[in-house]
file target-v9.txt (compact mmCIF, C-alpha atoms)
# COMPACT_ATOMS: atom_id res chain seq x y z
CA MET M 1 0.00 0.00 0.00
CA GLY M 2 1.13 3.57 -0.61
CA THR M 3 4.20 4.73 -2.45
CA VAL M 4 7.46 5.87 -0.97
CA HIS M 5 8.00 9.60 -0.75
CA GLN M 6 5.41 11.30 -2.89
CA ILE M 7 6.04 14.47 -1.03
CA ASP M 8 5.11 17.93 -2.23
CA ASP M 9 6.99 20.91 -1.05
CA LEU M 10 4.61 23.12 0.79
CA GLY M 11 5.87 26.06 -1.27
CA LYS M 12 4.90 28.37 1.56
CA LYS M 13 5.22 28.48 5.31
CA PRO M 14 2.55 26.80 7.44
CA ASP M 15 -0.36 29.14 8.19
CA GLU M 16 -0.42 31.29 11.31
CA ILE M 17 -2.55 28.98 13.43
CA ILE M 18 -0.29 25.99 12.79
CA THR M 19 2.82 28.10 13.33
CA ALA M 20 1.46 29.35 16.65
CA LYS M 21 0.73 25.78 17.75
CA LEU M 22 4.22 24.64 16.76
CA PHE M 23 5.90 27.39 18.76
CA ALA M 24 3.61 26.87 21.76
CA PHE M 25 4.64 23.21 21.69
CA LEU M 26 8.37 23.94 21.41
CA GLU M 27 8.23 26.64 24.08
CA GLN M 28 6.95 24.10 26.60
CA PHE M 29 10.52 22.86 26.53
CA LEU M 30 12.50 26.03 25.94
CA PRO M 31 11.45 29.66 25.32
CA LEU M 32 12.57 30.76 21.84
CA THR M 33 13.73 34.17 20.68
CA SER M 34 12.02 35.67 17.64
CA GLU M 35 15.28 35.19 15.76
CA GLU M 36 15.15 31.46 16.53
CA LYS M 37 11.52 31.28 15.44
CA GLN M 38 12.35 32.96 12.14
CA ALA M 39 15.21 30.50 11.67
CA ILE M 40 12.81 27.57 12.10
CA LEU M 41 10.32 29.00 9.62
CA ALA M 42 13.11 29.61 7.12
CA LEU M 43 14.09 25.92 7.06
CA ASP M 44 13.15 23.83 4.05
CA VAL M 45 11.35 21.26 6.17
CA PHE M 46 7.61 21.85 5.77
CA LYS M 47 6.06 19.30 3.45
CA SER M 48 2.56 18.43 2.35
CA VAL M 49 1.98 14.70 2.00
CA LYS M 50 -1.03 12.86 0.60
CA LYS M 51 -3.01 10.21 2.48
CA GLY M 52 -1.63 6.73 1.77
CA THR M 53 1.94 7.88 1.20
CA LEU M 54 4.52 5.46 2.55
CA LEU M 55 7.20 7.51 4.29
CA LEU M 56 9.40 4.67 5.51
CA GLN M 57 9.61 0.92 5.11
CA PRO M 58 11.51 -1.94 6.78
CA GLY M 59 15.12 -2.31 5.72
CA SER M 60 15.51 1.40 5.07
CA MET M 61 18.54 3.17 6.53
CA SER M 62 16.84 6.57 6.24
CA THR M 63 17.37 8.84 9.21
CA GLU M 64 14.67 11.41 8.46
CA SER M 65 12.43 12.36 11.38
CA PHE M 66 8.77 13.26 10.90
CA PHE M 67 6.91 15.77 13.06
CA VAL M 68 3.17 16.12 12.45
CA LEU M 69 1.78 19.66 12.14
CA GLN M 70 -1.54 18.45 10.76
CA GLY M 71 -2.87 14.99 9.99
CA CYS M 72 -2.17 11.49 11.24
CA MET M 73 0.63 9.00 10.55
CA ARG M 74 0.67 5.33 11.51
CA THR M 75 3.58 2.95 12.14
CA TYR M 76 3.20 -0.79 11.78
CA LEU M 77 5.12 -4.03 11.59
CA VAL M 78 4.17 -7.00 9.43
CA LEU M 79 4.33 -10.20 11.50
CA ASP M 80 3.29 -13.52 9.95
CA GLY M 81 1.57 -11.58 7.19
CA ASP M 82 -0.49 -9.44 9.59
CA GLU M 83 -0.14 -5.68 10.01
CA LYS M 84 0.50 -4.86 13.66
CA THR M 85 0.01 -1.17 14.43
CA THR M 86 2.75 0.12 16.72
CA GLY M 87 1.84 3.80 16.85
CA PHE M 88 -0.35 6.70 15.76
CA TYR M 89 1.19 10.15 15.43
CA THR M 90 -1.12 13.16 15.28
CA GLU M 91 -0.65 16.93 15.69
CA LEU M 92 2.57 17.84 17.53
CA GLU M 93 3.79 14.25 17.72
CA ALA M 94 7.01 12.96 16.17
CA PHE M 95 8.37 9.73 14.78
CA SER M 96 12.10 9.09 14.33
CA PRO M 97 13.37 5.81 12.92
CA THR M 98 15.54 3.94 15.43
CA THR M 99 18.24 3.77 12.72
CA LEU M 100 19.54 7.14 13.86
CA ALA M 101 20.31 5.81 17.34
CA THR M 102 21.11 2.17 16.61
CA GLY M 103 22.68 2.20 13.15
CA LYS M 104 20.46 -0.78 12.30
CA PRO M 105 17.88 -0.73 9.48
CA ASN M 106 14.45 0.56 10.36
CA ASN M 107 11.92 -2.25 11.00
CA GLN M 108 8.67 -0.26 10.72
CA TYR M 109 6.36 0.95 7.98
CA LEU M 110 5.39 4.62 8.36
CA VAL M 111 2.37 5.72 6.36
CA CYS M 112 0.08 8.78 6.24
CA LEU M 113 -3.42 7.79 7.37
CA GLU M 114 -4.68 11.27 6.38
CA ASP M 115 -3.40 14.11 4.20
CA CYS M 116 -0.59 15.49 6.33
CA LEU M 117 1.40 18.62 6.85
CA LEU M 118 4.76 17.48 8.19
CA LEU M 119 8.04 18.88 9.34
CA ILE M 120 10.65 16.47 7.92
CA ALA M 121 14.12 16.85 9.38
CA THR M 122 17.42 15.18 8.48
CA PRO M 123 20.37 14.81 10.88
CA GLU M 124 22.42 17.06 8.55
CA LEU M 125 19.83 19.79 8.82
CA ALA M 126 19.70 19.37 12.60
CA ASP M 127 23.52 19.65 12.77
CA GLU M 128 23.47 22.81 10.69
CA THR M 129 20.73 24.32 12.81
CA ASN M 130 22.56 23.35 16.03
CA LYS M 131 25.68 25.13 14.79
CA ARG M 132 23.80 28.36 14.27
CA PHE M 133 21.59 28.00 17.36
CA PRO M 134 23.21 25.75 19.96
CA ARG M 135 20.00 25.78 21.99
CA PHE M 136 18.31 23.55 19.39
CA GLU M 137 20.47 20.73 20.67
CA THR M 138 19.05 21.34 24.15
CA LEU M 139 15.55 21.42 22.69
CA CYS M 140 16.10 18.08 20.93
CA LYS M 141 17.51 16.57 24.10
CA LEU M 142 14.52 17.72 26.18
CA LEU M 143 12.13 16.41 23.54
CA SER M 144 13.87 13.00 23.49
CA GLU M 145 13.72 12.82 27.27
CA LYS M 146 10.00 13.59 27.22
CA LEU M 147 9.36 10.95 24.54
CA LEU M 148 11.39 8.45 26.58
CA ALA M 149 9.33 9.19 29.71
CA ASP M 150 6.09 8.76 27.73
CA LYS M 151 7.31 5.51 26.20
CA GLN M 152 8.26 4.10 29.62
CA GLU M 153 4.77 4.97 30.88
CA ASP M 154 3.19 3.30 27.81
CA LEU M 155 5.23 0.14 28.36
CA ASP M 156 4.44 -0.11 32.09
CA GLU M 157 0.80 0.59 31.43
CA PHE M 158 0.62 -1.98 28.65
CA LYS M 159 2.34 -4.64 30.72
CA PHE M 160 0.23 -4.34 33.83
CA SER M 161 -3.29 -3.55 32.59
CA THR M 162 -6.18 -5.43 31.06
CA ALA M 163 -7.36 -4.84 27.48
CA GLU M 164 -10.33 -2.85 28.81
CA GLN M 165 -8.10 -0.69 31.02
CA ARG M 166 -5.91 0.03 28.01
CA TYR M 167 -8.88 1.12 25.93
CA LEU M 168 -10.22 3.32 28.74
CA ARG M 169 -6.82 4.96 29.16
CA LEU M 170 -6.68 5.71 25.43
CA LEU M 171 -10.17 7.25 25.59
CA GLU M 172 -8.94 9.42 28.43
CA THR M 173 -5.55 10.41 27.03
CA ARG M 174 -6.30 10.59 23.28
CA PRO M 175 -10.09 10.82 22.92
CA LYS M 176 -10.02 12.13 19.35
CA LEU M 177 -7.82 9.31 18.10
CA VAL M 178 -10.53 6.75 18.83
CA GLN M 179 -12.86 8.56 16.38
CA ARG M 180 -10.18 9.20 13.84
CA VAL M 181 -8.61 5.86 12.96
CA PRO M 182 -10.09 2.56 11.73
CA GLN M 183 -11.16 0.26 14.55
CA HIS M 184 -9.10 -2.74 13.42
CA MET M 185 -5.94 -0.62 13.55
CA LEU M 186 -6.91 0.65 16.97
CA ALA M 187 -7.44 -2.93 18.19
CA SER M 188 -4.02 -3.98 16.90
CA TYR M 189 -2.42 -0.94 18.55
CA LEU M 190 -4.05 -1.95 21.83
CA GLY M 191 -2.71 -5.50 21.41
CA MET M 192 -6.13 -7.12 21.00
CA LYS M 193 -8.28 -8.66 18.28
CA PRO M 194 -10.94 -6.47 16.59
CA GLU M 195 -13.66 -8.70 18.12
CA SER M 196 -12.31 -8.04 21.62
CA LEU M 197 -12.38 -4.28 21.04
CA SER M 198 -15.98 -4.48 19.73
CA ARG M 199 -16.98 -6.49 22.81
CA ILE M 200 -15.37 -3.98 25.18
CA ARG M 201 -17.05 -1.06 23.39
CA ARG M 202 -20.47 -2.74 23.52
CA ARG M 203 -20.04 -3.54 27.22
CA LEU M 204 -18.99 0.04 28.01
CA ALA M 205 -21.87 1.50 25.95
CA LYS M 206 -24.34 -0.73 27.79
CA SER M 207 -22.99 0.10 31.27
CA HIS M 208 -23.01 3.78 30.29
CA ALA M 209 -26.65 3.59 29.12
CA ALA M 210 -27.73 1.70 32.26
CA MET E 1 11.85 -2.31 52.13
CA GLY E 2 15.17 -0.50 52.12
CA THR E 3 15.87 3.02 53.24
CA VAL E 4 16.06 6.15 51.18
CA HIS E 5 19.53 7.36 50.26
CA GLN E 6 22.03 5.58 52.45
CA ILE E 7 24.73 6.49 50.02
CA ASP E 8 28.43 6.48 50.73
CA ASP E 9 30.78 8.66 48.83
CA LEU E 10 33.17 6.45 47.02
CA GLY E 11 35.99 8.62 48.35
CA LYS E 12 38.06 7.65 45.33
CA LYS E 13 37.57 7.32 41.60
CA PRO E 14 36.29 4.04 40.16
CA ASP E 15 39.08 1.56 39.44
CA GLU E 16 40.76 1.39 36.05
CA ILE E 17 38.71 -1.48 34.66
CA ILE E 18 35.42 0.25 35.47
CA THR E 19 36.69 3.57 34.17
CA ALA E 20 37.75 1.93 30.89
CA LYS E 21 34.29 0.36 30.51
CA LEU E 22 32.58 3.69 31.21
CA PHE E 23 34.59 5.51 28.55
CA ALA E 24 34.19 2.68 26.02
CA PHE E 25 30.45 2.99 26.56
CA LEU E 26 30.39 6.79 26.20
CA GLU E 27 32.66 6.72 23.17
CA GLN E 28 30.15 4.57 21.30
CA PHE E 29 28.20 7.81 21.10
CA LEU E 30 30.93 10.43 20.88
CA PRO E 31 34.74 10.23 21.02
CA LEU E 32 36.01 12.12 24.09
CA THR E 33 39.21 14.09 24.50
CA SER E 34 41.43 13.23 27.44
CA GLU E 35 40.50 16.60 28.92
CA GLU E 36 36.82 15.62 28.81
CA LYS E 37 37.58 12.25 30.39
CA GLN E 38 39.46 13.94 33.21
CA ALA E 39 36.53 16.31 33.71
CA ILE E 40 34.16 13.36 34.08
CA LEU E 41 36.42 11.63 36.61
CA ALA E 42 36.73 14.87 38.58
CA LEU E 43 32.97 15.12 39.11
CA ASP E 44 31.54 14.30 42.53
CA VAL E 45 29.17 11.71 41.14
CA PHE E 46 30.61 8.28 41.91
CA LYS E 47 28.80 6.67 44.83
CA SER E 48 28.87 3.30 46.51
CA VAL E 49 25.42 2.08 47.54
CA LYS E 50 24.47 -0.97 49.64
CA LYS E 51 22.10 -3.72 48.50
CA GLY E 52 18.52 -2.93 49.57
CA THR E 53 18.95 0.84 49.46
CA LEU E 54 15.85 2.63 48.20
CA LEU E 55 17.03 5.33 45.79
CA LEU E 56 13.63 6.70 44.77
CA GLN E 57 10.02 6.23 45.74
CA PRO E 58 6.63 7.22 44.31
CA GLY E 59 5.65 10.82 44.92
CA SER E 60 9.22 12.02 44.92
CA MET E 61 10.09 15.05 42.80
CA SER E 62 13.76 14.13 42.76
CA THR E 63 15.45 14.60 39.40
CA GLU E 64 18.62 12.61 40.09
CA SER E 65 19.64 10.14 37.38
CA PHE E 66 21.35 6.86 38.19
CA PHE E 67 23.89 5.20 35.93
CA VAL E 68 25.13 1.75 36.96
CA LEU E 69 28.90 1.16 36.87
CA GLN E 70 28.66 -2.06 38.86
CA GLY E 71 25.70 -3.90 40.38
CA CYS E 72 21.98 -4.11 39.64
CA MET E 73 19.06 -1.78 40.35
CA ARG E 74 15.38 -2.63 40.01
CA THR E 75 12.37 -0.36 39.38
CA TYR E 76 8.89 -1.41 40.40
CA LEU E 77 5.36 -0.15 40.85
CA VAL E 78 2.97 -1.29 43.58
CA LEU E 79 -0.42 -2.11 42.04
CA ASP E 80 -3.21 -3.51 44.24
CA GLY E 81 -0.60 -4.35 46.86
CA ASP E 82 1.61 -6.29 44.45
CA GLU E 83 5.10 -5.31 43.37
CA LYS E 84 5.30 -5.14 39.58
CA THR E 85 8.87 -5.02 38.30
CA THR E 86 9.21 -2.49 35.47
CA GLY E 87 12.95 -2.67 34.88
CA PHE E 88 16.36 -4.05 35.77
CA TYR E 89 19.41 -1.85 35.32
CA THR E 90 22.85 -3.46 35.28
CA GLU E 91 26.33 -2.33 34.20
CA LEU E 92 26.26 0.65 31.79
CA GLU E 93 22.49 1.11 32.04
CA ALA E 94 20.77 4.22 33.34
CA PHE E 95 17.52 5.14 35.05
CA SER E 96 16.16 8.71 35.08
CA PRO E 97 12.89 9.52 36.84
CA THR E 98 10.29 10.83 34.39
CA THR E 99 9.91 13.86 36.69
CA LEU E 100 12.72 15.60 34.85
CA ALA E 101 10.80 15.50 31.57
CA THR E 102 7.20 15.67 32.78
CA GLY E 103 7.34 17.80 35.93
CA LYS E 104 5.07 15.20 37.55
CA PRO E 105 6.05 13.20 40.63
CA ASN E 106 7.92 9.98 40.02
CA ASN E 107 5.70 6.87 40.19
CA GLN E 108 8.35 4.16 40.59
CA TYR E 109 10.37 2.61 43.37
CA LEU E 110 14.07 2.34 42.54
CA VAL E 111 16.08 -0.04 44.72
CA CYS E 112 19.53 -1.63 44.67
CA LEU E 113 19.21 -5.41 44.19
CA GLU E 114 22.97 -5.78 44.76
CA ASP E 115 25.72 -3.62 46.23
CA CYS E 116 26.17 -0.98 43.56
CA LEU E 117 28.69 1.46 42.26
CA LEU E 118 26.68 4.26 40.67
CA LEU E 119 27.16 7.52 38.87
CA ILE E 120 24.47 9.80 40.32
CA ALA E 121 23.87 13.00 38.35
CA THR E 122 21.67 16.00 39.07
CA PRO E 123 20.36 18.39 36.38
CA GLU E 124 22.40 21.19 38.00
CA LEU E 125 25.56 19.18 37.65
CA ALA E 126 24.68 18.34 34.03
CA ASP E 127 24.11 22.05 33.31
CA GLU E 128 27.44 22.97 34.82
CA THR E 129 29.20 20.25 32.86
CA ASN E 130 27.46 21.30 29.64
CA LYS E 131 28.64 24.87 30.13
CA ARG E 132 32.24 23.76 30.38
CA PHE E 133 31.96 21.05 27.72
CA PRO E 134 29.10 21.74 25.31
CA ARG E 135 29.55 18.31 23.76
CA PHE E 136 28.12 16.69 26.89
CA GLU E 137 24.73 18.01 25.80
CA THR E 138 25.18 16.15 22.50
CA LEU E 139 26.22 13.03 24.39
CA CYS E 140 23.11 13.20 26.60
CA LYS E 141 20.91 13.73 23.56
CA LEU E 142 22.40 10.73 21.74
CA LEU E 143 22.00 8.61 24.87
CA SER E 144 18.34 9.63 25.25
CA GLU E 145 17.69 8.82 21.60
CA LYS E 146 19.26 5.38 22.02
CA LEU E 147 17.20 4.70 25.16
CA LEU E 148 14.07 5.83 23.31
CA ALA E 149 14.81 3.47 20.40
CA ASP E 150 15.36 0.58 22.84
CA LYS E 151 12.15 1.38 24.70
CA GLN E 152 10.14 1.46 21.45
CA GLU E 153 11.56 -1.95 20.57
CA ASP E 154 10.70 -3.30 24.04
CA LEU E 155 7.12 -2.03 23.76
CA ASP E 156 6.55 -3.46 20.25
CA GLU E 157 8.11 -6.74 21.26
CA PHE E 158 6.03 -6.96 24.42
CA LYS E 159 2.81 -6.15 22.61
CA PHE E 160 3.14 -8.66 19.81
CA SER E 161 4.83 -11.69 21.35
CA THR E 162 3.87 -14.61 23.57
CA ALA E 163 5.18 -15.04 27.12
CA GLU E 164 7.58 -17.72 25.91
CA GLN E 165 8.89 -15.53 23.08
CA ARG E 166 9.51 -12.76 25.61
CA TYR E 167 11.48 -15.08 27.88
CA LEU E 168 13.53 -16.40 24.95
CA ARG E 169 14.33 -12.87 23.82
CA LEU E 170 15.50 -11.96 27.33
CA LEU E 171 17.73 -15.06 27.39
CA GLU E 172 19.19 -13.91 24.09
CA THR E 173 19.58 -10.21 24.83
CA ARG E 174 20.41 -10.27 28.56
CA PRO E 175 21.50 -13.84 29.37
CA LYS E 176 23.24 -12.92 32.64
CA LEU E 177 20.20 -11.13 34.03
CA VAL E 178 18.22 -14.37 34.12
CA GLN E 179 20.81 -15.88 36.51
CA ARG E 180 21.17 -12.73 38.53
CA VAL E 181 17.71 -11.73 39.74
CA PRO E 182 15.02 -13.60 41.68
CA GLN E 183 12.66 -15.55 39.43
CA HIS E 184 9.47 -13.96 40.77
CA MET E 185 10.80 -10.50 39.86
CA LEU E 186 11.80 -11.76 36.43
CA ALA E 187 8.29 -13.19 35.91
CA SER E 188 6.70 -9.88 36.88
CA TYR E 189 9.06 -8.00 34.55
CA LEU E 190 8.00 -10.32 31.72
CA GLY E 191 4.34 -9.65 32.52
CA MET E 192 3.59 -13.20 33.67
CA LYS E 193 2.94 -15.14 36.88
CA PRO E 194 5.86 -17.00 38.52
CA GLU E 195 4.10 -20.31 37.77
CA SER E 196 3.98 -19.47 34.06
CA LEU E 197 7.70 -18.69 34.02
CA SER E 198 8.47 -21.99 35.81
CA ARG E 199 6.34 -23.87 33.28
CA ILE E 200 8.09 -22.21 30.33
CA ARG E 201 11.51 -22.98 31.82
CA ARG E 202 10.61 -26.63 32.42
CA ARG E 203 9.27 -27.00 28.88
CA LEU E 204 12.38 -25.41 27.37
CA ALA E 205 14.69 -27.58 29.53
CA LYS E 206 12.82 -30.70 28.41
CA SER E 207 12.88 -29.83 24.70
CA HIS E 208 16.55 -28.95 25.06
CA ALA E 209 17.33 -32.31 26.69
CA ALA E 210 15.34 -34.24 24.08

call {"tool": "encode", "arguments": {"input": "target-v9.txt", "output": "structure tokens"}}
result
Amino acid sequence: MGTVHQIDDLGKKPDEIITAKLFAFLEQFLPLTSEEKQAILALDVFKSVKKGTLLLQPGSMSTESFFVLQGCMRTYLVLDGDEKTTGFYTELEAFSPTTLATGKPNNQYLVCLEDCLLLIATPELADETNKRFPRFETLCKLLSEKLLADKQEDLDEFKFSTAEQRYLRLLETRPKLVQRVPQHMLASYLGMKPESLSRIRRRLAKSHAA
Amino acid sequence: MGTVHQIDDLGKKPDEIITAKLFAFLEQFLPLTSEEKQAILALDVFKSVKKGTLLLQPGSMSTESFFVLQGCMRTYLVLDGDEKTTGFYTELEAFSPTTLATGKPNNQYLVCLEDCLLLIATPELADETNKRFPRFETLCKLLSEKLLADKQEDLDEFKFSTAEQRYLRLLETRPKLVQRVPQHMLASYLGMKPESLSRIRRRLAKSHAA
């Protein structure tokens, strides 16, 4: 499914609302000067990508990172012929292939589930930006640390909760996602069969109606 | 169990073998100058900690990070009165409370399973070190990215494998750990009951003997 890298240059900067959201996100980690903000907007990193586009596939040694400004990306593995969804990335969420850190080929598919507006960064670009603005390195470090903390929480939560608890937590933490992505992908992401997810949803709807 | 922070200053630098291992580890990420190595050894961060010492507990806002030079630490949660092991940290592995990244209280217990030699770093110390040697920031960023990649792999693997597959992978990736920690903690870490782990081990021993 999808094709690799059918990516259109945006040809213009993201609109003001998206830009404001991006800076609000980054400034959670580190306040930015207006010079730094201009430098970010001047980068050739904003890309418009069609639904269905395959951004990465297993075996690739690509080290591009993808930050979602608008839209939704999905990562998945193929195990015994089945697609197993490993992640959904929506507004202000980022996916980096592990290749960058491990030197091993990427093992995931990364695909756009919706038309997306992405910030696509290469290590070379990051290096160049770090040289001009050393605080970007700090920003990247803080972002990695936050992602690591989130991932640890996800793992602990997954390990020690029931399927229903996992679904309830997702409803609580990412309520829009549940409406936004196909149910069979959601079930796979939650580590359950589609039938189990349907059963849980019916049971919750019933207990809610009661 | 344990007491918080009964930590002895090492009073001397780690011995040569441990120092060599530490630098070999760090230089996987970034080659260091001898000046940088001396700066690391001059830091007041090397501590000797007794088995059973509680280094962190839930509710704490401590932002100290713990890097194991020798020994084994364990993290766990208490859920419904049961200890659930979330991680084991042995030589050249690090635990940072999520507090640093999230601003929320830590939710884990961190305890020494063996007598340990640790490198204990505070954010203030890291800041000071970064000011003198800006490349430490890069080193920390690369380390975070590697830990994030590992954690993503752990989560995917946990989600889409059977209990037996998880045990076999642990035998393959961390063979010494299996000998080193109590079996009931290992079972909990693998997300299974101690009886299930015993059953899997018996079955594997039998098929190996056959």

call {"tool": "interface_residues", "arguments": {"input": "target-v9.txt", "of": "chain E", "to": "chain M", "cutoff": "6 Å", "atoms": "only C-alpha atoms", "output": "mmCIF file with C-alpha atoms, keeping the file's coordinate frame"}}
result
data_model
loop_
_atom_site.group_PDB
_atom_site.id
_atom_site.type_symbol
_atom_site.label_atom_id
_atom_site.label_comp_id
_atom_site.auth_asym_id
_atom_site.auth_seq_id
_atom_site.Cartn_x
_atom_site.Cartn_y
_atom_site.Cartn_z
ATOM 1 C CA THR E 98 10.290 10.830 34.390
ATOM 2 C CA ALA E 101 10.800 15.500 31.570
ATOM 3 C CA LYS E 141 20.910 13.730 23.560
ATOM 4 C CA SER E 144 18.340 9.630 25.250
ATOM 5 C CA GLU E 145 17.690 8.820 21.600
ATOM 6 C CA LYS E 146 19.260 5.380 22.020
ATOM 7 C CA LEU E 148 14.070 5.830 23.310
ATOM 8 C CA ALA E 149 14.810 3.470 20.400
ATOM 9 C CA LEU E 155 7.120 -2.030 23.760
ATOM 10 C CA LYS E 159 2.810 -6.150 22.610
ATOM 11 C CA GLY E 191 4.340 -9.650 32.520
#

call {"tool": "residues_around", "arguments": {"input": "target-v9.txt", "residues": "M:Pro123", "least_positions_apart": "4", "cutoff": "10 Å", "atoms": "only C-alpha atoms", "output": "PyMOL selection string"}}
result
chain M and resi 63-65+100+127-129

call {"tool": "closest_residue", "arguments": {"input": "target-v9.txt", "among": "M:Phe133, M:Ala24, M:His184, M:Arg174", "to": "M:Glu36", "atoms": "all atoms listed in the file"}}
result
M:Phe133

call {"tool": "atom_distance", "arguments": {"input": "target-v9.txt", "atom1": "atom CA of E:Ala163", "atom2": "atom CA of M:Val78"}}
result
19.5 Å

call {"tool": "residues_around", "arguments": {"input": "target-v9.txt", "residues": "M:Glu91", "least_positions_apart": "3", "cutoff": "9 Å", "atoms": "only C-alpha atoms", "output": "list in words"}}
result
Phe67, Val68, Leu69, Gln70, Gly71, Cys72 and Ala94 of chain M

call {"tool": "write_last_selection", "arguments": {"input": "target-v9.txt", "atoms": "C-alpha atoms", "output": "PDB file, in the coordinates of the input"}}
result
ATOM      1  CA  PHE M  67       6.910  15.770  13.060  1.00  0.00           C
ATOM      2  CA  VAL M  68       3.170  16.120  12.450  1.00  0.00           C
ATOM      3  CA  LEU M  69       1.780  19.660  12.140  1.00  0.00           C
ATOM      4  CA  GLN M  70      -1.540  18.450  10.760  1.00  0.00           C
ATOM      5  CA  GLY M  71      -2.870  14.990   9.990  1.00  0.00           C
ATOM      6  CA  CYS M  72      -2.170  11.490  11.240  1.00  0.00           C
ATOM      7  CA  ALA M  94       7.010  12.960  16.170  1.00  0.00           C
TER       8      ALA M  94
END

call {"tool": "atom_distance", "arguments": {"input": "target-v9.txt", "atom1": "atom CA of M:Ala121", "atom2": "atom CA of E:Leu26"}}
result
25.5 Å

call {"tool": "residues_near_point", "arguments": {"input": "target-v9.txt", "point": "(16.5, 18.4, 4.0)", "cutoff": "9 Å", "atoms": "all atoms listed in the file", "output": "ChimeraX atom specification"}}
result
/M:43-45,64,120-125

call {"tool": "atom_distance", "arguments": {"input": "target-v9.txt", "atom1": "atom CA of M:Glu114", "atom2": "atom CA of M:Phe136"}}
result
29.1 Å

call {"tool": "axis_aligned_box", "arguments": {"input": "target-v9.txt", "around": "stretch 60-75 of chain M", "padding_each_side": "4 Å", "output": "AutoDock Vina command-line options"}}
result
--center_x 7.8 --center_y 10.5 --center_z 9.1 --size_x 29.4 --size_y 26.3 --size_z 16.0

call {"tool": "residues_around", "arguments": {"input": "target-v9.txt", "residues": "M:Glu16", "least_positions_apart": "6", "cutoff": "12 Å", "atoms": "all atoms listed in the file", "output": "PDB file with C-alpha atoms, in the coordinates of the input"}}
result
ATOM      1  CA  LEU M  22       4.220  24.640  16.760  1.00  0.00           C
ATOM      2  CA  PHE M  23       5.900  27.390  18.760  1.00  0.00           C
ATOM      3  CA  LEU M  41      10.320  29.000   9.620  1.00  0.00           C
ATOM      4  CA  LEU M  69       1.780  19.660  12.140  1.00  0.00           C
TER       5      LEU M  69
END

call {"tool": "residues_around", "arguments": {"input": "target-v9.txt", "residues": "M:Leu204", "least_positions_apart": "5", "cutoff": "12 Å", "atoms": "only C-alpha atoms", "output": "PyMOL selection string"}}
result
chain M and resi 164-165+167-168+171+197-199+209-210
